[in-house]
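Trainee: The file below is structure.cif, mmCIF, C-alpha atoms and all ligand atoms:
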data_structure
#
loop_
_atom_site.group_PDB
_atom_site.id
_atom_site.type_symbol
_atom_site.label_atom_id
_atom_site.label_comp_id
_atom_site.auth_asym_id
_atom_site.auth_seq_id
_atom_site.Cartn_x
_atom_site.Cartn_y
_atom_site.Cartn_z
ATOM 1 C CA MET A 30 -25.736 5.792 3.407
ATOM 2 C CA ASP A 31 -23.765 7.381 0.625
ATOM 3 C CA ILE A 32 -20.077 7.759 0.021
ATOM 4 C CA ASP A 33 -19.828 11.102 1.855
ATOM 5 C CA THR A 34 -20.812 9.410 5.098
ATOM 6 C CA TYR A 35 -17.574 7.451 4.986
ATOM 7 C CA LEU A 36 -15.198 9.437 2.843
ATOM 8 C CA LEU A 37 -14.061 13.029 2.880
ATOM 9 C CA ARG A 38 -13.133 14.605 -0.427
ATOM 10 C CA PHE A 39 -10.183 16.970 -0.194
ATOM 11 C CA LYS A 40 -8.487 18.463 -3.285
ATOM 12 C CA GLY A 41 -9.983 15.758 -5.460
ATOM 13 C CA CYS A 42 -8.956 12.894 -3.224
ATOM 14 C CA TYR A 43 -11.031 10.646 -0.933
ATOM 15 C CA PHE A 44 -9.877 10.131 2.659
ATOM 16 C CA GLU A 45 -11.404 8.074 5.438
ATOM 17 C CA ARG A 46 -13.534 10.677 7.136
ATOM 18 C CA SER A 47 -13.461 9.344 10.696
ATOM 19 C CA VAL A 48 -9.678 9.340 11.114
ATOM 20 C CA VAL A 49 -8.163 11.727 8.627
ATOM 21 C CA ASP A 50 -6.248 14.645 10.119
ATOM 22 C CA ILE A 51 -7.780 17.604 8.313
ATOM 23 C CA ASP A 52 -5.357 20.170 9.776
ATOM 24 C CA LEU A 53 -2.489 18.119 8.458
ATOM 25 C CA LEU A 54 -4.121 17.846 5.014
ATOM 26 C CA GLU A 55 -4.588 21.587 4.841
ATOM 27 C CA ASN A 56 -0.915 22.162 5.626
ATOM 28 C CA LEU A 57 0.520 19.172 3.833
ATOM 29 C CA ASP A 58 2.451 21.189 1.291
ATOM 30 C CA ASP A 59 4.465 22.794 4.101
ATOM 31 C CA PHE A 60 4.876 19.638 6.174
ATOM 32 C CA GLU A 61 8.490 19.703 7.309
ATOM 33 C CA ILE A 62 10.549 17.004 5.632
ATOM 34 C CA ARG A 63 13.938 15.891 6.940
ATOM 35 C CA ASP A 64 16.587 14.691 4.509
ATOM 36 C CA ASP A 65 16.634 11.251 6.127
ATOM 37 C CA ASP A 66 12.857 10.755 6.225
ATOM 38 C CA VAL A 67 11.509 7.669 4.517
ATOM 39 C CA PHE A 68 7.970 7.474 3.150
ATOM 40 C CA ILE A 69 6.120 4.272 2.317
ATOM 41 C CA ILE A 70 3.532 5.244 -0.254
ATOM 42 C CA THR A 71 0.931 2.842 -1.547
ATOM 43 C CA TYR A 72 -2.508 2.544 -2.964
ATOM 44 C CA PRO A 73 -4.555 0.692 -0.284
ATOM 45 C CA LYS A 74 -4.234 -3.109 -0.239
ATOM 46 C CA SER A 75 -0.949 -3.164 -2.159
ATOM 47 C CA GLY A 76 1.184 -4.451 0.712
ATOM 48 C CA THR A 77 1.454 -1.408 2.966
ATOM 49 C CA ILE A 78 1.713 -3.279 6.271
ATOM 50 C CA TRP A 79 4.197 -5.673 4.704
ATOM 51 C CA THR A 80 6.438 -2.785 3.642
ATOM 52 C CA GLN A 81 5.981 -1.135 7.047
ATOM 53 C CA HIS A 82 7.132 -4.300 8.772
ATOM 54 C CA ILE A 83 10.096 -4.864 6.448
ATOM 55 C CA LEU A 84 11.332 -1.300 6.915
ATOM 56 C CA SER A 85 10.842 -1.572 10.682
ATOM 57 C CA LEU A 86 12.917 -4.764 10.640
ATOM 58 C CA ILE A 87 15.642 -3.147 8.534
ATOM 59 C CA TYR A 88 15.857 0.013 10.647
ATOM 60 C CA TYR A 89 15.310 -1.239 14.199
ATOM 61 C CA GLU A 90 17.325 -3.928 15.920
ATOM 62 C CA GLY A 91 14.689 -3.990 18.658
ATOM 63 C CA HIS A 92 12.105 -4.906 16.018
ATOM 64 C CA ARG A 93 14.309 -7.657 14.576
ATOM 65 C CA ASN A 94 15.074 -9.307 17.894
ATOM 66 C CA ARG A 95 11.635 -8.503 19.352
ATOM 67 C CA THR A 96 13.128 -6.838 22.423
ATOM 68 C CA GLU A 97 11.025 -3.690 21.946
ATOM 69 C CA ASN A 98 7.280 -3.877 22.142
ATOM 70 C CA VAL A 99 6.574 -1.325 19.410
ATOM 71 C CA ASP A 100 4.149 -2.211 16.640
ATOM 72 C CA THR A 101 4.618 -1.278 13.002
ATOM 73 C CA LEU A 102 2.027 1.475 13.202
ATOM 74 C CA ASP A 103 4.257 3.263 15.707
ATOM 75 C CA ARG A 104 7.403 2.479 13.726
ATOM 76 C CA ALA A 105 5.904 3.761 10.478
ATOM 77 C CA PRO A 106 2.820 5.830 11.361
ATOM 78 C CA PHE A 107 0.399 7.076 8.758
ATOM 79 C CA LEU A 108 0.897 10.669 7.789
ATOM 80 C CA GLU A 109 -2.733 11.535 7.068
ATOM 81 C CA TYR A 110 -4.287 9.012 9.482
ATOM 82 C CA ASN A 111 -2.448 9.978 12.627
ATOM 83 C CA SER A 112 -4.889 8.153 14.907
ATOM 84 C CA ARG A 113 -2.397 7.924 17.786
ATOM 85 C CA LYS A 114 -1.793 11.676 17.660
ATOM 86 C CA VAL A 115 1.955 11.358 17.326
ATOM 87 C CA ASP A 116 3.842 14.634 17.371
ATOM 88 C CA PHE A 117 5.793 14.006 14.184
ATOM 89 C CA SER A 118 8.176 16.894 14.873
ATOM 90 C CA LYS A 119 9.386 15.148 18.036
ATOM 91 C CA ARG A 120 10.129 11.811 16.397
ATOM 92 C CA PRO A 121 13.812 10.934 16.246
ATOM 93 C CA SER A 122 15.431 10.574 12.829
ATOM 94 C CA PRO A 123 15.239 8.680 10.642
ATOM 95 C CA ARG A 124 11.475 8.892 10.631
ATOM 96 C CA ILE A 125 9.442 6.384 8.647
ATOM 97 C CA PHE A 126 5.990 7.461 7.447
ATOM 98 C CA SER A 127 3.244 5.629 5.621
ATOM 99 C CA SER A 128 0.731 7.237 3.318
ATOM 100 C CA HIS A 129 -1.828 6.676 0.576
ATOM 101 C CA ILE A 130 -1.698 10.246 -0.776
ATOM 102 C CA PRO A 131 -1.591 10.914 -4.522
ATOM 103 C CA TYR A 132 1.609 12.455 -5.905
ATOM 104 C CA TYR A 133 0.097 15.923 -6.200
ATOM 105 C CA LEU A 134 -0.497 16.158 -2.448
ATOM 106 C CA ALA A 135 3.098 15.260 -1.542
ATOM 107 C CA PRO A 136 4.765 17.755 0.831
ATOM 108 C CA ARG A 137 6.931 20.188 -1.094
ATOM 109 C CA GLY A 138 10.008 19.127 0.865
ATOM 110 C CA LEU A 139 9.942 15.681 -0.747
ATOM 111 C CA LYS A 140 10.773 17.308 -4.039
ATOM 112 C CA ASN A 141 14.343 18.125 -3.091
ATOM 113 C CA ARG A 142 14.892 14.416 -3.735
ATOM 114 C CA LYS A 143 16.744 13.793 -0.488
ATOM 115 C CA ALA A 144 14.101 12.058 1.604
ATOM 116 C CA LYS A 145 13.277 8.624 0.262
ATOM 117 C CA ILE A 146 10.007 7.134 -0.949
ATOM 118 C CA VAL A 147 9.263 3.432 -1.281
ATOM 119 C CA TYR A 148 6.217 2.935 -3.503
ATOM 120 C CA THR A 149 4.842 -0.609 -3.271
ATOM 121 C CA TYR A 150 2.486 -1.635 -6.055
ATOM 122 C CA ARG A 151 0.451 -4.732 -6.867
ATOM 123 C CA ASN A 152 -1.666 -6.016 -9.715
ATOM 124 C CA PRO A 153 -5.018 -4.241 -9.452
ATOM 125 C CA LYS A 154 -7.214 -7.340 -9.712
ATOM 126 C CA ASP A 155 -5.737 -8.705 -6.504
ATOM 127 C CA ILE A 156 -6.048 -5.233 -4.990
ATOM 128 C CA LEU A 157 -9.729 -5.205 -5.941
ATOM 129 C CA ILE A 158 -10.387 -8.527 -4.190
ATOM 130 C CA SER A 159 -8.327 -7.612 -1.140
ATOM 131 C CA TYR A 160 -10.098 -4.242 -0.948
ATOM 132 C CA TYR A 161 -13.515 -5.867 -1.293
ATOM 133 C CA TYR A 162 -12.906 -8.081 1.741
ATOM 134 C CA PHE A 163 -11.288 -5.265 3.662
ATOM 135 C CA SER A 164 -14.260 -2.952 3.054
ATOM 136 C CA ASN A 165 -16.468 -5.588 4.642
ATOM 137 C CA VAL A 166 -14.180 -5.758 7.660
ATOM 138 C CA VAL A 167 -13.566 -2.107 8.498
ATOM 139 C CA ALA A 168 -16.533 -0.406 10.120
ATOM 140 C CA ALA A 169 -15.506 3.041 8.889
ATOM 141 C CA LEU A 170 -15.600 1.941 5.230
ATOM 142 C CA GLN A 171 -18.778 1.563 3.197
ATOM 143 C CA ALA A 172 -19.614 -2.161 3.221
ATOM 144 C CA PRO A 173 -20.165 -3.413 -0.337
ATOM 145 C CA GLN A 174 -23.361 -5.317 -1.124
ATOM 146 C CA ASN A 175 -21.461 -7.643 -3.422
ATOM 147 C CA LEU A 176 -18.314 -7.818 -5.541
ATOM 148 C CA GLU A 177 -20.041 -6.410 -8.627
ATOM 149 C CA GLN A 178 -21.061 -3.285 -6.764
ATOM 150 C CA PHE A 179 -17.599 -2.892 -5.265
ATOM 151 C CA MET A 180 -15.882 -3.436 -8.602
ATOM 152 C CA LYS A 181 -17.877 -0.546 -10.084
ATOM 153 C CA ARG A 182 -17.003 1.628 -7.118
ATOM 154 C CA PHE A 183 -13.311 0.686 -7.424
ATOM 155 C CA LEU A 184 -13.215 1.336 -11.162
ATOM 156 C CA ASP A 185 -14.961 4.680 -10.639
ATOM 157 C CA GLY A 186 -12.382 5.638 -8.007
ATOM 158 C CA LYS A 187 -15.068 6.096 -5.363
ATOM 159 C CA VAL A 188 -12.969 4.535 -2.625
ATOM 160 C CA LEU A 189 -10.306 5.707 -0.211
ATOM 161 C CA GLY A 190 -7.245 6.295 -2.386
ATOM 162 C CA ASN A 191 -9.377 7.144 -5.429
ATOM 163 C CA LEU A 192 -8.687 5.606 -8.797
ATOM 164 C CA TRP A 193 -5.891 3.058 -8.751
ATOM 165 C CA PHE A 194 -4.911 3.980 -12.336
ATOM 166 C CA ASP A 195 -4.405 7.624 -11.378
ATOM 167 C CA HIS A 196 -2.511 6.797 -8.199
ATOM 168 C CA ILE A 197 0.163 4.625 -9.765
ATOM 169 C CA ARG A 198 0.367 6.656 -12.961
ATOM 170 C CA GLY A 199 0.714 9.893 -11.025
ATOM 171 C CA TRP A 200 3.573 8.641 -8.856
ATOM 172 C CA TYR A 201 5.301 6.896 -11.745
ATOM 173 C CA GLU A 202 5.052 9.748 -14.202
ATOM 174 C CA HIS A 203 6.371 12.188 -11.591
ATOM 175 C CA LYS A 204 9.090 9.869 -10.316
ATOM 176 C CA HIS A 205 11.814 12.279 -11.423
ATOM 177 C CA ASP A 206 10.521 14.826 -8.934
ATOM 178 C CA PHE A 207 11.202 12.423 -6.073
ATOM 179 C CA ASN A 208 13.795 10.014 -4.702
ATOM 180 C CA ILE A 209 11.545 7.015 -5.205
ATOM 181 C CA LEU A 210 11.923 3.243 -5.455
ATOM 182 C CA PHE A 211 9.102 1.166 -6.952
ATOM 183 C CA MET A 212 8.685 -2.228 -5.287
ATOM 184 C CA LYS A 213 6.414 -4.849 -6.769
ATOM 185 C CA TYR A 214 4.339 -6.921 -4.340
ATOM 186 C CA GLU A 215 4.601 -9.981 -6.569
ATOM 187 C CA ASP A 216 8.421 -9.720 -6.706
ATOM 188 C CA MET A 217 8.487 -9.514 -2.921
ATOM 189 C CA LYS A 218 6.315 -12.590 -2.788
ATOM 190 C CA LYS A 219 8.444 -14.529 -5.268
ATOM 191 C CA ASP A 220 11.852 -13.567 -3.913
ATOM 192 C CA LEU A 221 11.650 -11.823 -0.575
ATOM 193 C CA ARG A 222 15.390 -11.919 0.058
ATOM 194 C CA SER A 223 16.252 -10.094 -3.177
ATOM 195 C CA SER A 224 13.507 -7.580 -2.455
ATOM 196 C CA VAL A 225 14.858 -6.893 1.042
ATOM 197 C CA LEU A 226 18.351 -6.460 -0.430
ATOM 198 C CA LYS A 227 17.003 -4.045 -3.029
ATOM 199 C CA LEU A 228 15.342 -2.059 -0.260
ATOM 200 C CA CYS A 229 18.545 -2.060 1.824
ATOM 201 C CA THR A 230 20.532 -0.706 -1.121
ATOM 202 C CA PHE A 231 18.038 2.063 -1.723
ATOM 203 C CA LEU A 232 17.817 2.899 1.976
ATOM 204 C CA GLU A 233 21.626 2.745 2.331
ATOM 205 C CA LYS A 234 21.322 0.262 5.172
ATOM 206 C CA GLU A 235 23.839 -2.519 5.302
ATOM 207 C CA LEU A 236 22.718 -5.613 7.200
ATOM 208 C CA SER A 237 24.830 -8.605 8.198
ATOM 209 C CA GLU A 238 23.873 -11.915 6.594
ATOM 210 C CA GLU A 239 22.386 -12.974 9.911
ATOM 211 C CA ASP A 240 20.257 -9.838 10.209
ATOM 212 C CA LEU A 241 19.179 -10.183 6.601
ATOM 213 C CA ASP A 242 18.049 -13.751 7.311
ATOM 214 C CA THR A 243 16.118 -12.499 10.331
ATOM 215 C CA VAL A 244 14.369 -9.796 8.301
ATOM 216 C CA VAL A 245 13.393 -12.249 5.575
ATOM 217 C CA ARG A 246 12.179 -14.845 8.065
ATOM 218 C CA GLN A 247 10.074 -12.394 10.029
ATOM 219 C CA ALA A 248 8.581 -10.777 6.939
ATOM 220 C CA THR A 249 6.952 -13.923 5.556
ATOM 221 C CA PHE A 250 3.174 -13.980 5.529
ATOM 222 C CA GLN A 251 3.006 -16.842 8.027
ATOM 223 C CA ASN A 252 5.339 -15.189 10.519
ATOM 224 C CA MET A 253 3.717 -11.792 10.223
ATOM 225 C CA LYS A 254 0.339 -13.381 10.813
ATOM 226 C CA ILE A 255 1.399 -14.637 14.230
ATOM 227 C CA ASN A 256 3.426 -11.569 15.200
ATOM 228 C CA PRO A 257 1.268 -9.097 17.159
ATOM 229 C CA LEU A 258 3.750 -6.300 16.391
ATOM 230 C CA ALA A 259 3.176 -6.825 12.669
ATOM 231 C CA ASN A 260 -0.272 -8.297 12.064
ATOM 232 C CA TYR A 261 -2.424 -5.273 12.981
ATOM 233 C CA ASN A 262 -5.000 -7.596 14.629
ATOM 234 C CA ALA A 263 -5.215 -5.549 17.817
ATOM 235 C CA ILE A 264 -5.101 -2.259 15.906
ATOM 236 C CA LEU A 265 -7.950 -3.411 13.707
ATOM 237 C CA LYS A 266 -10.111 -4.495 16.632
ATOM 238 C CA ASP A 267 -9.314 -1.836 19.216
ATOM 239 C CA GLU A 268 -8.436 1.236 17.149
ATOM 240 C CA ILE A 269 -9.837 0.936 13.630
ATOM 241 C CA GLY A 270 -13.076 -0.915 14.472
ATOM 242 C CA THR A 271 -14.420 -3.952 12.637
ATOM 243 C CA ARG A 272 -17.678 -5.539 11.455
ATOM 244 C CA ASN A 273 -16.378 -9.101 11.446
ATOM 245 C CA ASP A 274 -13.223 -11.003 12.376
ATOM 246 C CA GLY A 275 -11.425 -10.383 9.067
ATOM 247 C CA GLN A 276 -7.750 -9.488 9.133
ATOM 248 C CA PHE A 277 -5.206 -7.420 7.238
ATOM 249 C CA LEU A 278 -3.241 -10.609 6.619
ATOM 250 C CA ARG A 279 -6.043 -12.340 4.763
ATOM 251 C CA LYS A 280 -4.473 -14.578 2.098
ATOM 252 C CA GLY A 281 -1.310 -12.914 0.851
ATOM 253 C CA THR A 282 -1.237 -14.630 -2.536
ATOM 254 C CA ILE A 283 -0.901 -13.755 -6.206
ATOM 255 C CA GLY A 284 -3.894 -14.357 -8.458
ATOM 256 C CA ASP A 285 -6.656 -14.727 -5.868
ATOM 257 C CA TRP A 286 -8.833 -12.681 -8.257
ATOM 258 C CA LYS A 287 -9.217 -15.824 -10.357
ATOM 259 C CA HIS A 288 -11.326 -17.342 -7.598
ATOM 260 C CA HIS A 289 -13.663 -14.365 -7.525
ATOM 261 C CA LEU A 290 -14.123 -12.588 -10.864
ATOM 262 C CA THR A 291 -16.544 -13.989 -13.414
ATOM 263 C CA VAL A 292 -15.367 -14.226 -17.037
ATOM 264 C CA GLU A 293 -17.458 -11.166 -17.846
ATOM 265 C CA GLN A 294 -16.111 -9.153 -14.908
ATOM 266 C CA ASN A 295 -12.572 -10.131 -15.823
ATOM 267 C CA GLU A 296 -13.019 -9.097 -19.460
ATOM 268 C CA ARG A 297 -14.571 -5.813 -18.406
ATOM 269 C CA PHE A 298 -11.679 -5.184 -16.041
ATOM 270 C CA ASP A 299 -9.194 -5.958 -18.822
ATOM 271 C CA ARG A 300 -10.875 -3.529 -21.193
ATOM 272 C CA ILE A 301 -10.783 -0.721 -18.642
ATOM 273 C CA PHE A 302 -7.224 -1.615 -17.671
ATOM 274 C CA GLN A 303 -6.071 -1.488 -21.286
ATOM 275 C CA ARG A 304 -7.778 1.813 -21.865
ATOM 276 C CA ASN A 305 -6.026 3.356 -18.881
ATOM 277 C CA MET A 306 -2.660 1.595 -18.805
ATOM 278 C CA LYS A 307 -1.832 0.559 -22.369
ATOM 279 C CA ASP A 308 1.295 2.659 -22.686
ATOM 280 C CA PHE A 309 2.333 2.359 -19.038
ATOM 281 C CA PRO A 310 5.932 1.172 -18.611
ATOM 282 C CA LEU A 311 5.619 -0.788 -15.342
ATOM 283 C CA LYS A 312 4.653 -4.403 -15.911
ATOM 284 C CA PHE A 313 2.222 -6.229 -13.669
ATOM 285 C CA THR A 314 2.189 -9.833 -12.570
ATOM 286 C CA TRP A 315 -1.310 -11.256 -12.585
ATOM 287 C CA ASP A 316 -0.580 -14.844 -11.824
ATOM 288 C CA LEU A 317 2.292 -16.847 -10.450
ATOM 289 C CA LYS A 318 2.449 -19.146 -13.449
ATOM 290 C CA GLU A 319 2.332 -16.691 -16.281
ATOM 291 C CA GLU A 320 5.052 -14.398 -14.888
ATOM 292 C CA GLU A 321 5.282 -11.013 -16.563
ATOM 293 C CA ASN A 322 2.491 -10.039 -18.875
ATOM 294 C CA TRP A 323 2.538 -7.109 -21.160
ATOM 295 C CA ASN A 324 0.050 -4.565 -20.000
ATOM 296 C CA ASP A 325 -2.058 -4.935 -23.069
ATOM 297 C CA SER A 326 -2.560 -8.658 -22.652
ATOM 298 C CA PRO A 327 -3.428 -9.594 -19.091
ATOM 299 C CA LYS A 328 -4.595 -13.080 -20.085
ATOM 300 C CA GLU A 329 -5.729 -15.916 -17.929
ATOM 301 C CA THR A 330 -3.654 -19.075 -18.128
HETATM 302 P P1 LIG A 401 -4.848 -10.009 0.725
HETATM 303 O O1 LIG A 401 -6.090 -9.354 1.193
HETATM 304 O O2 LIG A 401 -4.880 -10.333 -0.735
HETATM 305 O O3 LIG A 401 -4.444 -11.184 1.558
HETATM 306 P P2 LIG A 401 -2.301 -3.323 2.835
HETATM 307 O O4 LIG A 401 -1.352 -3.487 3.942
HETATM 308 O O5 LIG A 401 -1.829 -2.338 1.784
HETATM 309 O O6 LIG A 401 -3.683 -3.071 3.304
HETATM 310 O O7 LIG A 401 -2.314 -4.698 2.019
HETATM 311 C C1 LIG A 401 -2.861 -5.844 2.587
HETATM 312 C C2 LIG A 401 -2.584 -7.004 1.658
HETATM 313 O O8 LIG A 401 -1.179 -7.324 1.731
HETATM 314 C C3 LIG A 401 -3.360 -8.250 2.074
HETATM 315 O O9 LIG A 401 -3.650 -8.954 0.865
HETATM 316 C C4 LIG A 401 -2.310 -8.966 2.928
HETATM 317 O O10 LIG A 401 -2.544 -10.324 3.110
HETATM 318 C C5 LIG A 401 -1.075 -8.696 2.087
HETATM 319 N N1 LIG A 401 0.164 -8.928 2.866
HETATM 320 C C6 LIG A 401 0.536 -8.349 4.022
HETATM 321 N N2 LIG A 401 1.688 -8.894 4.462
HETATM 322 C C7 LIG A 401 2.050 -9.829 3.562
HETATM 323 C C8 LIG A 401 3.141 -10.752 3.455
HETATM 324 N N3 LIG A 401 4.082 -10.833 4.387
HETATM 325 N N4 LIG A 401 3.187 -11.555 2.366
HETATM 326 C C9 LIG A 401 2.223 -11.505 1.412
HETATM 327 N N5 LIG A 401 1.163 -10.674 1.471
HETATM 328 C C10 LIG A 401 1.071 -9.842 2.518
#
Have the structure of the file written as structure tokens, please.
Mentor:
Amino acid sequence: MDIDTYLLRFKGCYFERSVVDIDLLENLDDFEIRDDDVFIITYPKSGTIWTQHILSLIYYEGHRNRTENVDTLDRAPFLEYNSRKVDFSKRPSPRIFSSHIPYYLAPRGLKNRKAKIVYTYRNPKDILISYYYFSNVVAALQAPQNLEQFMKRFLDGKVLGNLWFDHIRGWYEHKHDFNILFMKYEDMKKDLRSSVLKLCTFLEKELSEEDLDTVVRQATFQNMKINPLANYNAILKDEIGTRNDGQFLRKGTIGDWKHHLTVEQNERFDRIFQRNMKDFPLKFTWDLKEEENWNDSPKET
């Protein structure tokens, strides 16, 4: 089966065919934005469910103290994958949305720079590996034959979310059009507390020390993995549909690509990365040990 069996191309962008809301896509430009809306925008596998959970913990006391049985998909539903058919216009403010859309499909109302956008990004080699496993898990995605085949597909942008380079570049280069905060997955991993504080400042949400501790504690990989409101296990099995027992919360580490890419694949990736991202101002963290690398030298340690 070819790519069109799984993905729908709309205005140059690939969406998951089986769940995408086409009516919404066609009217996305006019989608009504409230000043206090918050959008989580990511390229797939960059830490979307992590950001969804953190924002749910920051905004909802009932999520922090687990008194409300509402999962993160209901707290921060996907805009274009509205599988639960939520009537967005009836949601109380502040509404949190999640989305993988490219910058050029953003609703016009986001450009008045009032509603907020949190853009979580991650080094693309770890995204590649995470996406490879995920594509084997999700029945509605084209299962790769092997990593080599998937790497080509990823670097050709023939996946949901299209080309990673275009996604991050597009949002970053148009950041002045939006009220947007860029959050780095690896920074969240290294210092979750500072990352939550940074988010709180941007979101203008003041938490007590105790609440802050609760958010940080509940947003760790280990605690999310055992929290049914955050781990997406039931959503994956009952709503998304799976081929195996893989999970969203797979490994949650930095540098897992080193266990998967051959030297040749890694060098090829680096060449393509440098060609596309050489002059790009955001720095990526490829490995826990090496810390920040300049974009033109993503070396192995
Ligand atoms: P891995 O597959 O590398 O483990 P998304 O939500 O955008 O699909 O991203 C999923 C990736 O984010 C997975 O990466 C998942 O493990 C990771 N992730 C989710 N929650 C996390 C957390 N609390 N800490 C670290 N990584 C997390």
Trainee: By how many Å are CA of Val147 in chain A and CA of Asn256 in chain A apart?
Mentor: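 CA of Val147 in chain A sits 23.0 Å away from CA of Asn256 in chain A.
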Trainee: Which residue gives the smallest distance to Arg95 in chain A among A:Asn175, A:Thr243, A:Asn165, A:Ser47, with all atoms listed in the file counted?
Mentor: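 Among the listed residues, the smallest separation from Arg95 in chain A belongs to A:Thr243.
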Trainee: Counting only C-alpha atoms and all ligand atoms, name the residues that have an atom within 9 Å of an atom of ligand LIG 401 (chain A); the answer should be given as a PyMOL selection string.
Mentor: chain A and resi 71-83+149-150+155-163+214-215+217-218+221+247-254+259-260+276-286
Trainee: Run the PyMOL selection byres (((chain A and resi 138) around 8) and not hetatm) mentally over the shown coordinates, then write out the matched residues as a PyMOL selection string, using the chain letters and numbers from the document.
Mentor: chain A and resi 58-63+136-137+139-141
Trainee: Determine the residue membership of the PyMOL selection byres (((chain A and resi 202) around 12) and not hetatm) for the file above and supply it as a list in words.
Mentor: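 So the PyMOL selection byres (((chain A and resi 202) around 12) and not hetatm), applied here, picks out Pro131, Tyr132, Tyr133, Phe194, Asp195, His196, Ile197, Arg198, Gly199, Trp200, Tyr201, His203, Lys204, His205, Asp206, Phe207, Ile209, Phe211, Asp308, Phe309, Pro310 and Leu311 of chain A.
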Trainee: I need the residue nearest Thr230 in chain A from this list: A:Arg304, A:Arg297, A:His92, A:Lys145. Use only C-alpha atoms for the distance.
Mentor: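 Ranking A:Arg304, A:Arg297, A:His92, A:Lys145 by distance to Thr230 in chain A, first place goes to A:Lys145.
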Trainee: Hey, can you pull every residue with an atom no more than 12 Å from (-24.5, 6.9, 4.6), using all atoms listed in the file, and send it as a PyMOL selection string?
Mentor: chain A and resi 30-36+46+169-172
Trainee: Give me the result of the PyMOL selection byres (((chain A and resi 182) around 12) and not hetatm) on this file, residue by residue, as a ChimeraX atom specification.
Mentor: /A:31-32,157,160-161,164,171-181,183-193
Trainee: CA of Asn56 in chain A to CA of Leu134 in chain A: how many Å, to one decimal?
Mentor: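 Here the two named atoms are 10.1 Å from each other.
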Trainee: Give me the residues near Asn152 in chain A as a PDB file with C-alpha atoms, in the coordinates of the input, where near means some atom within 7 Å (using only C-alpha atoms) and where sequence neighbours in that chain fewer than 6 positions away do not count.
Mentor:
ATOM      1  CA  PHE A 313       2.222  -6.229 -13.669  1.00  0.00           C
ATOM      2  CA  THR A 314       2.189  -9.833 -12.570  1.00  0.00           C
ATOM      3  CA  TRP A 315      -1.310 -11.256 -12.585  1.00  0.00           C
TER       4      TRP A 315
END
Trainee: Point out the residue among A:Glu233, A:Asp220, A:Glu97, A:Asp66 with the least atom-to-atom distance to Ile146 in chain A, counting only C-alpha atoms.
Mentor: A:Asp66
Trainee: With distances taken over all atoms listed in the file, which of A:Leu57, A:Leu258, A:Leu241, A:Ala168 is nearest to Thr96 in chain A?
Mentor: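 Using all atoms listed in the file, the shortest distance to Thr96 in chain A belongs to A:Leu258.
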Trainee: Go through A:Arg151, A:Glu293, A:Leu265, A:Asp50 and flag the residue nearest Val115 in chain A, using all atoms listed in the file for the distances.
Mentor: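 Closest candidate: A:Asp50.
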Trainee: Set up a box along x, y and z of the file covering all listed atoms of range 281-284 of chain A, add 6 Å on every one of the six sides, and write the centre and edge lengths in Å to one decimal, as JSON.
Mentor:
{"center_x": -2.4, "center_y": -13.8, "center_z": -3.8, "size_x": 15.0, "size_y": 13.7, "size_z": 21.3}
Trainee: Using all atoms listed in the file, find the one residue out of A:Ile70, A:Thr101, A:Asp116, A:Pro121 that sits nearest to Leu53 in chain A.
Mentor: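 Among the listed residues, the smallest separation from Leu53 in chain A belongs to A:Asp116.
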Trainee: Kindly give the distance, in Å, that separates CA of His288 in chain A and CA of Asp316 in chain A, rounded to a single decimal.
Mentor: 11.8 Å
Trainee: Can you tell me, as a list in words, what residues are no more than 9 Å from Leu228 in chain A when counting only C-alpha atoms, ignoring any on the same chain fewer than 3 positions away?
Mentor: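 Neighbouring residues, sequence-local ones excluded: Ile83, Leu84, Ile87, Val147, Leu210, Met212, Ser223, Ser224, Val225, Phe231, Leu232, Glu233 and Lys234 of chain A.
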Trainee: Could you write range 289-294 of chain A as a PDB file, keeping the file's coordinate frame, with N, CA, C and O atoms rebuilt where they are missing?
Mentor:
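Written output follows (selection10.pdb):
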ATOM      1  N   HIS A 289     -12.553 -15.269  -7.832  1.00  0.00           N
ATOM      2  CA  HIS A 289     -13.663 -14.365  -7.525  1.00  0.00           C
ATOM      3  C   HIS A 289     -14.333 -13.736  -8.741  1.00  0.00           C
ATOM      4  O   HIS A 289     -15.549 -13.569  -8.752  1.00  0.00           O
ATOM      5  N   LEU A 290     -13.529 -13.314  -9.741  1.00  0.00           N
ATOM      6  CA  LEU A 290     -14.123 -12.588 -10.864  1.00  0.00           C
ATOM      7  C   LEU A 290     -14.768 -13.557 -11.851  1.00  0.00           C
ATOM      8  O   LEU A 290     -14.194 -14.610 -12.155  1.00  0.00           O
ATOM      9  N   THR A 291     -15.940 -13.190 -12.343  1.00  0.00           N
ATOM     10  CA  THR A 291     -16.544 -13.989 -13.414  1.00  0.00           C
ATOM     11  C   THR A 291     -15.786 -13.674 -14.700  1.00  0.00           C
ATOM     12  O   THR A 291     -15.033 -12.682 -14.778  1.00  0.00           O
ATOM     13  N   VAL A 292     -16.021 -14.480 -15.745  1.00  0.00           N
ATOM     14  CA  VAL A 292     -15.367 -14.226 -17.037  1.00  0.00           C
ATOM     15  C   VAL A 292     -15.737 -12.827 -17.521  1.00  0.00           C
ATOM     16  O   VAL A 292     -14.886 -12.053 -17.968  1.00  0.00           O
ATOM     17  N   GLU A 293     -17.008 -12.478 -17.371  1.00  0.00           N
ATOM     18  CA  GLU A 293     -17.458 -11.166 -17.846  1.00  0.00           C
ATOM     19  C   GLU A 293     -16.801 -10.041 -17.041  1.00  0.00           C
ATOM     20  O   GLU A 293     -16.338  -9.055 -17.611  1.00  0.00           O
ATOM     21  N   GLN A 294     -16.743 -10.192 -15.741  1.00  0.00           N
ATOM     22  CA  GLN A 294     -16.111  -9.153 -14.908  1.00  0.00           C
ATOM     23  C   GLN A 294     -14.635  -9.012 -15.271  1.00  0.00           C
ATOM     24  O   GLN A 294     -14.104  -7.906 -15.368  1.00  0.00           O
TER      25      GLN A 294
END
